[in-house]
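Enquirer: So that you have it, the file is data-v6.csv, and it contains CSV, C-alpha atoms and all ligand atoms:
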```csv
chain,number,residue,atom,x,y,z
A,1,MET,CA,-9.4,-4.6,4.6
A,2,GLU,CA,-6.4,-5.5,2.5
A,3,LEU,CA,-3.2,-4.4,4.2
A,4,MET,CA,-0.2,-3.6,2.1
A,5,LEU,CA,3.3,-2.5,3.1
A,6,ASP,CA,4.4,0.9,1.9
A,7,THR,CA,8.1,0.0,2.1
A,8,VAL,CA,10.8,-1.8,0.1
A,9,ASN,CA,12.9,-2.4,3.2
A,10,LEU,CA,13.6,-6.2,3.2
A,11,GLU,CA,13.8,-6.6,6.9
A,12,ALA,CA,10.5,-4.7,7.4
A,13,ILE,CA,8.8,-6.9,4.7
A,14,THR,CA,10.1,-10.1,6.4
A,15,ARG,CA,9.0,-8.9,9.8
A,16,TRP,CA,5.4,-8.0,8.9
A,17,VAL,CA,4.7,-10.7,6.3
A,18,GLY,CA,5.5,-13.2,9.0
A,19,LYS,CA,3.1,-11.6,11.4
A,20,VAL,CA,0.1,-10.0,9.8
A,21,GLU,CA,-2.0,-10.8,6.7
A,22,VAL,CA,-0.1,-8.8,4.0
A,23,SER,CA,-1.8,-8.4,0.6
A,24,GLY,CA,1.0,-6.6,-1.2
A,25,VAL,CA,4.0,-4.2,-1.2
A,26,THR,CA,3.8,-0.7,-2.7
A,27,SER,CA,6.7,1.5,-3.7
A,28,ASN,CA,7.5,4.9,-5.2
A,29,PRO,CA,10.9,6.6,-5.9
A,30,THR,CA,10.9,8.3,-2.5
A,31,ILE,CA,10.4,4.9,-0.7
A,32,ILE,CA,13.1,3.4,-2.8
A,33,LYS,CA,15.5,6.2,-2.1
A,34,LYS,CA,15.3,5.4,1.6
A,35,GLU,CA,17.2,2.1,0.9
A,36,GLY,CA,20.0,4.0,-0.9
A,37,LYS,CA,20.9,3.4,-4.5
A,38,VAL,CA,19.9,-0.3,-4.6
A,39,ASN,CA,20.1,-2.4,-7.8
A,40,PHE,CA,16.5,-1.5,-8.7
A,41,PHE,CA,15.3,-4.6,-10.6
A,42,LYS,CA,17.3,-7.0,-8.4
A,43,HIS,CA,15.7,-5.5,-5.3
A,44,MET,CA,12.2,-5.7,-6.8
A,45,ASN,CA,12.7,-9.3,-7.9
A,46,THR,CA,14.0,-10.1,-4.4
A,47,ILE,CA,10.8,-8.6,-3.0
A,48,ARG,CA,8.7,-10.7,-5.5
A,49,ASP,CA,10.5,-13.8,-4.3
A,50,MET,CA,9.8,-12.9,-0.7
A,51,ILE,CA,6.1,-12.1,-1.1
A,52,GLY,CA,5.2,-14.6,-3.8
A,53,ASN,CA,2.7,-14.2,-6.6
A,54,GLU,CA,-0.3,-14.3,-4.4
A,55,ARG,CA,0.6,-10.8,-3.0
A,56,SER,CA,0.6,-7.8,-5.2
A,57,LEU,CA,3.7,-5.7,-6.0
A,58,HIS,CA,3.2,-2.1,-7.1
A,59,VAL,CA,6.0,-0.3,-8.9
A,60,GLN,CA,5.9,3.3,-10.0
A,61,VAL,CA,6.9,4.9,-13.3
A,62,VAL,CA,9.3,7.8,-13.1
A,63,ALA,CA,9.2,9.3,-16.6
A,64,ASP,CA,6.8,12.3,-16.9
A,65,ASP,CA,5.6,12.2,-20.5
A,66,PHE,CA,3.2,9.7,-22.1
A,67,GLN,CA,5.8,7.8,-24.2
A,68,GLY,CA,8.3,7.7,-21.3
A,69,MET,CA,5.7,6.3,-18.9
A,70,ILE,CA,4.7,3.6,-21.3
A,71,LYS,CA,8.4,2.7,-21.8
A,72,ASP,CA,8.9,2.6,-18.0
A,73,ALA,CA,5.8,0.4,-17.6
A,74,GLU,CA,7.0,-2.0,-20.3
A,75,MET,CA,10.4,-2.3,-18.7
A,76,ILE,CA,9.0,-2.8,-15.2
A,77,VAL,CA,6.9,-5.7,-16.5
A,78,ASP,CA,9.6,-7.0,-18.6
A,79,ARG,CA,12.3,-7.0,-15.8
A,80,ILE,CA,10.0,-8.1,-13.0
A,81,ASP,CA,6.9,-9.9,-14.2
A,82,ASP,CA,3.5,-9.2,-15.7
A,83,ASN,CA,1.7,-9.5,-12.4
A,84,VAL,CA,3.2,-6.2,-11.3
A,85,TYR,CA,0.8,-3.3,-10.7
A,86,VAL,CA,2.3,-0.4,-12.6
A,87,LYS,CA,1.8,2.8,-10.6
A,88,VAL,CA,1.1,5.9,-12.6
A,89,PRO,CA,0.3,9.4,-11.2
A,90,ILE,CA,-3.0,10.9,-12.4
A,91,ASN,CA,-1.9,14.0,-14.2
A,92,GLU,CA,-2.4,15.1,-17.8
A,93,GLU,CA,0.2,12.7,-19.2
A,94,GLY,CA,-0.5,10.0,-16.6
A,95,ILE,CA,-4.2,9.6,-17.4
A,96,LYS,CA,-3.4,9.1,-21.1
A,97,ALA,CA,-0.7,6.5,-20.2
A,98,ILE,CA,-3.2,4.8,-17.8
A,99,ARG,CA,-5.8,4.4,-20.5
A,100,GLU,CA,-3.2,3.0,-22.9
A,101,LEU,CA,-1.9,0.6,-20.3
A,102,LYS,CA,-5.4,-0.6,-19.5
A,103,ARG,CA,-6.1,-1.0,-23.2
A,104,ARG,CA,-3.1,-3.3,-23.2
A,105,HIS,CA,-4.3,-5.2,-20.1
A,106,PHE,CA,-1.5,-4.1,-17.7
A,107,ASN,CA,-2.3,-4.1,-14.0
A,108,VAL,CA,-2.5,-0.4,-13.1
A,109,THR,CA,-2.5,1.5,-9.8
A,110,ALA,CA,-3.4,5.2,-10.3
A,111,THR,CA,-1.5,7.2,-7.7
A,112,ALA,CA,-1.0,10.7,-6.3
A,113,VAL,CA,-4.7,11.1,-5.9
A,114,TYR,CA,-5.6,14.3,-4.0
A,115,THR,CA,-9.0,15.1,-5.5
A,116,THR,CA,-12.3,13.4,-6.2
A,117,PHE,CA,-12.1,14.3,-9.8
A,118,GLN,CA,-8.8,12.4,-10.3
A,119,ALA,CA,-10.5,9.4,-8.7
A,120,TYR,CA,-13.5,9.7,-11.0
A,121,LEU,CA,-11.1,9.8,-14.1
A,122,ALA,CA,-9.2,6.8,-12.9
A,123,ILE,CA,-12.4,4.8,-12.1
A,124,GLU,CA,-13.7,5.6,-15.6
A,125,ALA,CA,-10.4,4.3,-17.0
A,126,ALA,CA,-11.0,1.0,-15.1
A,127,VAL,CA,-7.7,1.1,-13.2
A,128,ASP,CA,-7.2,-1.8,-10.7
A,129,TYR,CA,-6.5,0.5,-7.8
A,130,ILE,CA,-6.6,4.2,-7.0
A,131,ALA,CA,-4.2,5.5,-4.3
A,132,PRO,CA,-5.6,8.5,-2.4
A,133,TYR,CA,-2.9,10.2,-0.3
A,134,TYR,CA,-4.6,10.6,3.1
A,135,ASN,CA,-2.2,12.5,5.1
A,136,ARG,CA,-1.0,14.7,2.2
A,137,MET,CA,-4.6,15.7,1.6
A,138,GLU,CA,-5.0,16.7,5.2
A,139,ASN,CA,-1.9,18.8,4.9
A,140,PHE,CA,-3.6,20.7,2.1
A,141,ASN,CA,-6.8,21.1,4.0
A,142,ILE,CA,-8.5,18.6,1.6
A,143,ASN,CA,-10.9,16.2,3.3
A,144,PRO,CA,-9.6,12.7,2.6
A,145,GLN,CA,-12.7,11.0,4.0
A,146,ASP,CA,-14.9,13.0,1.5
A,147,VAL,CA,-12.6,12.0,-1.4
A,148,ILE,CA,-12.6,8.3,-0.4
A,149,SER,CA,-16.3,8.1,0.3
A,150,LYS,CA,-17.2,9.8,-3.1
A,151,ALA,CA,-14.8,7.5,-4.9
A,152,SER,CA,-16.4,4.5,-3.1
A,153,LEU,CA,-19.9,5.7,-4.2
A,154,ASP,CA,-18.8,6.1,-7.8
A,155,ILE,CA,-17.3,2.6,-7.8
A,156,ALA,CA,-20.6,1.2,-6.4
A,157,ASN,CA,-22.7,3.2,-8.8
A,158,HIS,CA,-20.9,1.9,-11.8
A,159,ASN,CA,-20.3,-1.6,-10.6
A,160,SER,CA,-16.6,-0.9,-11.1
A,161,GLN,CA,-13.9,-3.4,-10.2
A,162,THR,CA,-11.5,-0.6,-9.1
A,163,LYS,CA,-10.4,-0.8,-5.5
A,164,ILE,CA,-9.4,2.1,-3.3
A,165,LEU,CA,-5.9,1.6,-2.0
A,166,ALA,CA,-5.5,4.5,0.5
A,167,ALA,CA,-2.0,5.6,1.2
A,168,SER,CA,0.1,8.2,3.0
A,169,PHE,CA,-0.7,7.5,6.6
A,170,LYS,CA,0.9,8.9,9.7
A,171,ASN,CA,-1.2,7.3,12.3
A,172,ILE,CA,-3.7,4.5,12.9
A,173,ALA,CA,-6.7,6.8,13.2
A,174,GLN,CA,-6.2,7.9,9.6
A,175,ILE,CA,-6.2,4.2,8.5
A,176,ASN,CA,-9.4,3.5,10.4
A,177,ALA,CA,-11.1,6.5,8.9
A,178,ALA,CA,-10.0,5.5,5.4
A,179,VAL,CA,-11.5,2.0,5.8
A,180,GLU,CA,-14.7,3.3,7.4
A,181,ASN,CA,-15.2,5.6,4.4
A,182,GLY,CA,-14.8,2.9,1.8
A,183,ALA,CA,-11.2,2.1,1.2
A,184,HIS,CA,-10.8,-1.6,0.3
A,185,SER,CA,-7.1,-1.5,0.9
A,186,VAL,CA,-4.5,0.5,2.8
A,187,THR,CA,-0.8,0.7,2.4
A,188,VAL,CA,1.1,1.4,5.5
A,189,GLY,CA,4.7,2.1,6.5
A,190,SER,CA,6.5,-0.1,9.1
A,191,ASP,CA,6.7,2.9,11.5
A,192,VAL,CA,2.9,3.3,11.5
A,193,LEU,CA,2.4,-0.5,11.9
A,194,ASP,CA,4.7,-0.2,14.9
A,195,GLN,CA,2.2,2.3,16.4
A,196,ALA,CA,-0.6,-0.2,16.2
A,197,PHE,CA,1.1,-2.5,18.7
A,198,SER,CA,3.1,-0.1,20.9
A,199,PHE,CA,0.1,1.3,22.7
A,200,PRO,CA,1.3,1.3,26.3
A,201,ALA,CA,-1.9,-0.1,27.7
A,202,ILE,CA,-1.5,-3.3,25.6
A,203,SER,CA,2.0,-3.9,27.0
A,204,LYS,CA,0.8,-3.1,30.6
A,205,ALA,CA,-2.1,-5.6,30.3
A,206,VAL,CA,0.2,-8.3,28.9
A,207,ALA,CA,2.8,-7.7,31.7
A,208,ASP,CA,0.1,-7.8,34.4
A,209,PHE,CA,-1.2,-11.2,33.0
A,210,LYS,CA,2.4,-12.5,33.0
A,211,GLU,CA,3.0,-11.3,36.6
A,212,ASP,CA,-0.2,-12.9,37.9
A,213,TRP,CA,0.6,-16.2,36.2
A,214,ARG,CA,4.2,-16.2,37.5
A,215,SER,CA,3.2,-15.4,41.1
A,216,CYS,CA,0.7,-18.2,41.0
A,217,TYR,CA,2.6,-21.0,39.1
A,218,GLY,CA,6.2,-19.8,39.4
A,219,ILE,CA,6.8,-20.3,35.6
A,220,ASP,CA,6.5,-18.0,32.6
A,221,ASN,CA,4.3,-20.0,30.3
A,222,ILE,CA,1.8,-22.8,30.1
A,223,HIS,CA,3.9,-25.3,28.2
A,224,ALA,CA,6.3,-25.8,31.2
A,225,ILE,CA,3.6,-27.1,33.4
A,226,GLU,CA,4.5,-30.5,34.7
A,227,GLY,CA,1.9,-33.2,35.1
A,301,LIG,O1,2.1,5.2,-1.2
A,301,LIG,C1,2.2,6.6,-1.3
A,301,LIG,C2,2.8,7.1,-0.1
A,301,LIG,O2,4.0,6.5,0.0
A,301,LIG,C3,2.9,8.6,0.1
A,301,LIG,O3,3.2,8.6,1.4
A,301,LIG,O4,4.2,9.4,3.5
A,301,LIG,O5,5.1,10.2,1.3
A,301,LIG,O6,2.9,11.0,2.1
A,301,LIG,P1,3.9,9.9,2.1
```
Take the structure from the file and write it as structure tokens.
Expert:
Amino acid sequence: MELMLDTVNLEAITRWVGKVEVSGVTSNPTIIKKEGKVNFFKHMNTIRDMIGNERSLHVQVVADDFQGMIKDAEMIVDRIDDNVYVKVPINEEGIKAIRELKRRHFNVTATAVYTTFQAYLAIEAAVDYIAPYYNRMENFNINPQDVISKASLDIANHNSQTKILAASFKNIAQINAAVENGAHSVTVGSDVLDQAFSFPAISKAVADFKEDWRSCYGIDNIHAIEG
């Protein structure tokens, strides 16, 4: 499983990149808004410097017509770098833009995927990643596991290089289910990663181990043992 961070918060990126294997950082206008009106390209270039070129950076177009999406994509690549994955929503204009961007060898992440049909169109267009919105699908009574597993099957049937980058998670169970149904990658907010490690039983087990050690040796670690 490739794990990406669905945040542009610099502290959160520093925190998690230093702790878990992070494959990339994903963003969209809503995620950027959470940081306030940052200097957009400066911020994105700072993230690139933080994560290096070996991790992927996904930046979304905002224009909603074909020409505008292409211009947004060109500017994103021009002002950040050409390793960036340009995120484009799969709607009527977006699929046209996606095909044009792939013809021009941009890295493309097709986003706002709620249906299997959108996934099939994006796979056929040979995008690099498709981003199914797990929790948002559940909110609409769409079965995200079904969408992800059918996209996964389509990728296998066509020997496609497209990867499924599942997104929009509110809890760890959703992440597990996405991976178990064929997602190659998941992008996760810092709050959801927090949940992964804040399970009270984990803290209790660690505290019990520490207490047993302390009551036996009178110290808090191994490296203070003398002799
Ligand atoms: O990466 C897409 C994702 O950010 C959407 O998540 O939490 O707005 O449903 P959410």
Enquirer: Please give me, as a ChimeraX atom specification, the residues lying within 6 Å of ligand LIG 301 (chain A) when counting all atoms listed in the file.
Expert: /A:6,136,167-168
Enquirer: Using all atoms listed in the file, find each residue in stretch 17-64 of chain A having at least one atom no more than 12 Å away from stretch 149-166 of chain A; report its shortest atom-to-atom pair and that distance in Å (one decimal), rows by chain then rising number, as a tab-separated table.
Expert:
```
residue	atom	partner	partner_atom	distance
A:Ser23	CA	A:Leu165	CA	11.1
A:Gly24	CA	A:Leu165	CA	10.7
A:Val25	CA	A:Leu165	CA	11.5
A:Thr26	CA	A:Leu165	CA	10.0
A:Ser56	CA	A:Leu165	CA	11.9
A:His58	CA	A:Leu165	CA	11.1
```
Enquirer: Using all atoms listed in the file, can you tell me which of A:Leu5, A:Ile123, A:Val88, A:Ala224 comes closest to A:Phe66?
Expert: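 Of the candidates, the smallest distance to A:Phe66 is held by A:Val88.
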Enquirer: For a test of reading the model, state the distance in Å between atom CA of A:Trp213 and atom CA of A:Pro200, rounded to one decimal.
Expert: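 Taking atom CA of A:Trp213 as the start and atom CA of A:Pro200 as the end point, the length is 20.1 Å.
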Enquirer: So which one's closest to A:Asn9, A:Asn143, A:Thr116, A:Thr46, A:Gln67? Using only C-alpha atoms, please.
Expert: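 Comparing A:Asn143, A:Thr116, A:Thr46, A:Gln67 against A:Asn9, the winner is A:Thr46.
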Enquirer: May I ask which of the residues A:Val8, A:Arg48, A:Phe197, A:Val86 is the closest one to A:Gly36, counting all atoms listed in the file?
Expert: A:Val8
Enquirer: Which of these residues is nearest to A:Val77, using only C-alpha atoms: A:Asp64, A:Ala119, A:Phe106, A:Thr111?
Expert: A:Phe106
Enquirer: How many Å separate atom CA of A:Val192 from atom CA of A:Val84?
Expert: 24.7 Å
Enquirer: Work out how far apart atom CA of A:Met4 and atom CA of A:Glu93 are and give it in Å to one decimal.
Expert: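 Interatomic distance here is 26.8 Å.
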Enquirer: Might you pull out every residue within 7 Å of A:Tyr85, with only C-alpha atoms counted and same-chain residues fewer than 2 positions away left off, and present them as a count of residues only?
Expert: 8
Enquirer: My structure is short of atoms at stretch 111-137 of chain A; please model N, CA and C atoms there, returning them as a compact mmCIF listing (two decimals), in the coordinates of the input.
Expert:
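Generated output (selection30.txt):
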```
# COMPACT_ATOMS: atom_id res chain seq x y z
N THR A 111 -1.98 6.65 -9.00
CA THR A 111 -1.50 7.20 -7.70
C THR A 111 -1.44 8.70 -7.71
N ALA A 112 -0.99 9.24 -6.58
CA ALA A 112 -1.00 10.70 -6.30
C ALA A 112 -2.37 11.28 -6.47
N VAL A 113 -3.33 10.60 -5.86
CA VAL A 113 -4.70 11.10 -5.90
C VAL A 113 -4.97 12.01 -4.71
N TYR A 114 -5.28 13.26 -5.04
CA TYR A 114 -5.60 14.30 -4.00
C TYR A 114 -7.02 14.77 -4.16
N THR A 115 -7.66 14.48 -5.31
CA THR A 115 -9.00 15.10 -5.50
C THR A 115 -9.98 13.99 -5.98
N THR A 116 -11.24 14.29 -5.74
CA THR A 116 -12.30 13.40 -6.20
C THR A 116 -12.31 13.27 -7.68
N PHE A 117 -12.05 14.36 -8.37
CA PHE A 117 -12.10 14.30 -9.80
C PHE A 117 -11.04 13.37 -10.39
N GLN A 118 -9.83 13.39 -9.82
CA GLN A 118 -8.80 12.40 -10.30
C GLN A 118 -9.33 10.99 -10.07
N ALA A 119 -9.98 10.77 -8.93
CA ALA A 119 -10.50 9.40 -8.70
C ALA A 119 -11.55 9.05 -9.70
N TYR A 120 -12.43 9.97 -10.04
CA TYR A 120 -13.50 9.70 -11.00
C TYR A 120 -12.84 9.32 -12.39
N LEU A 121 -11.82 10.07 -12.77
CA LEU A 121 -11.10 9.80 -14.10
C LEU A 121 -10.51 8.40 -14.05
N ALA A 122 -9.89 8.06 -12.94
CA ALA A 122 -9.20 6.80 -12.90
C ALA A 122 -10.21 5.61 -12.84
N ILE A 123 -11.32 5.80 -12.16
CA ILE A 123 -12.40 4.80 -12.10
C ILE A 123 -12.92 4.54 -13.51
N GLU A 124 -13.16 5.65 -14.20
CA GLU A 124 -13.70 5.60 -15.60
C GLU A 124 -12.69 4.83 -16.48
N ALA A 125 -11.40 5.00 -16.19
CA ALA A 125 -10.40 4.30 -17.00
C ALA A 125 -10.18 2.86 -16.56
N ALA A 126 -10.97 2.43 -15.59
CA ALA A 126 -11.00 1.00 -15.10
C ALA A 126 -9.62 0.58 -14.58
N VAL A 127 -8.96 1.47 -13.85
CA VAL A 127 -7.70 1.10 -13.20
C VAL A 127 -8.04 0.00 -12.13
N ASP A 128 -7.02 -0.74 -11.72
CA ASP A 128 -7.20 -1.80 -10.70
C ASP A 128 -7.31 -1.16 -9.31
N TYR A 129 -6.44 -0.20 -9.06
CA TYR A 129 -6.50 0.50 -7.80
C TYR A 129 -6.30 1.98 -7.98
N ILE A 130 -6.92 2.76 -7.09
CA ILE A 130 -6.60 4.20 -7.00
C ILE A 130 -5.98 4.42 -5.61
N ALA A 131 -4.96 5.26 -5.56
CA ALA A 131 -4.20 5.50 -4.30
C ALA A 131 -4.41 6.93 -3.82
N PRO A 132 -5.46 7.20 -3.03
CA PRO A 132 -5.60 8.50 -2.40
C PRO A 132 -4.60 8.73 -1.31
N TYR A 133 -3.97 9.90 -1.28
CA TYR A 133 -2.90 10.20 -0.30
C TYR A 133 -3.52 10.88 0.92
N TYR A 134 -3.85 10.08 1.91
CA TYR A 134 -4.60 10.60 3.10
C TYR A 134 -3.97 11.73 3.79
N ASN A 135 -2.78 11.49 4.32
CA ASN A 135 -2.20 12.50 5.10
C ASN A 135 -1.79 13.78 4.31
N ARG A 136 -1.34 13.53 3.08
CA ARG A 136 -1.00 14.70 2.20
C ARG A 136 -2.22 15.53 1.95
N MET A 137 -3.37 14.90 1.78
CA MET A 137 -4.60 15.70 1.60
C MET A 137 -4.88 16.55 2.81
```
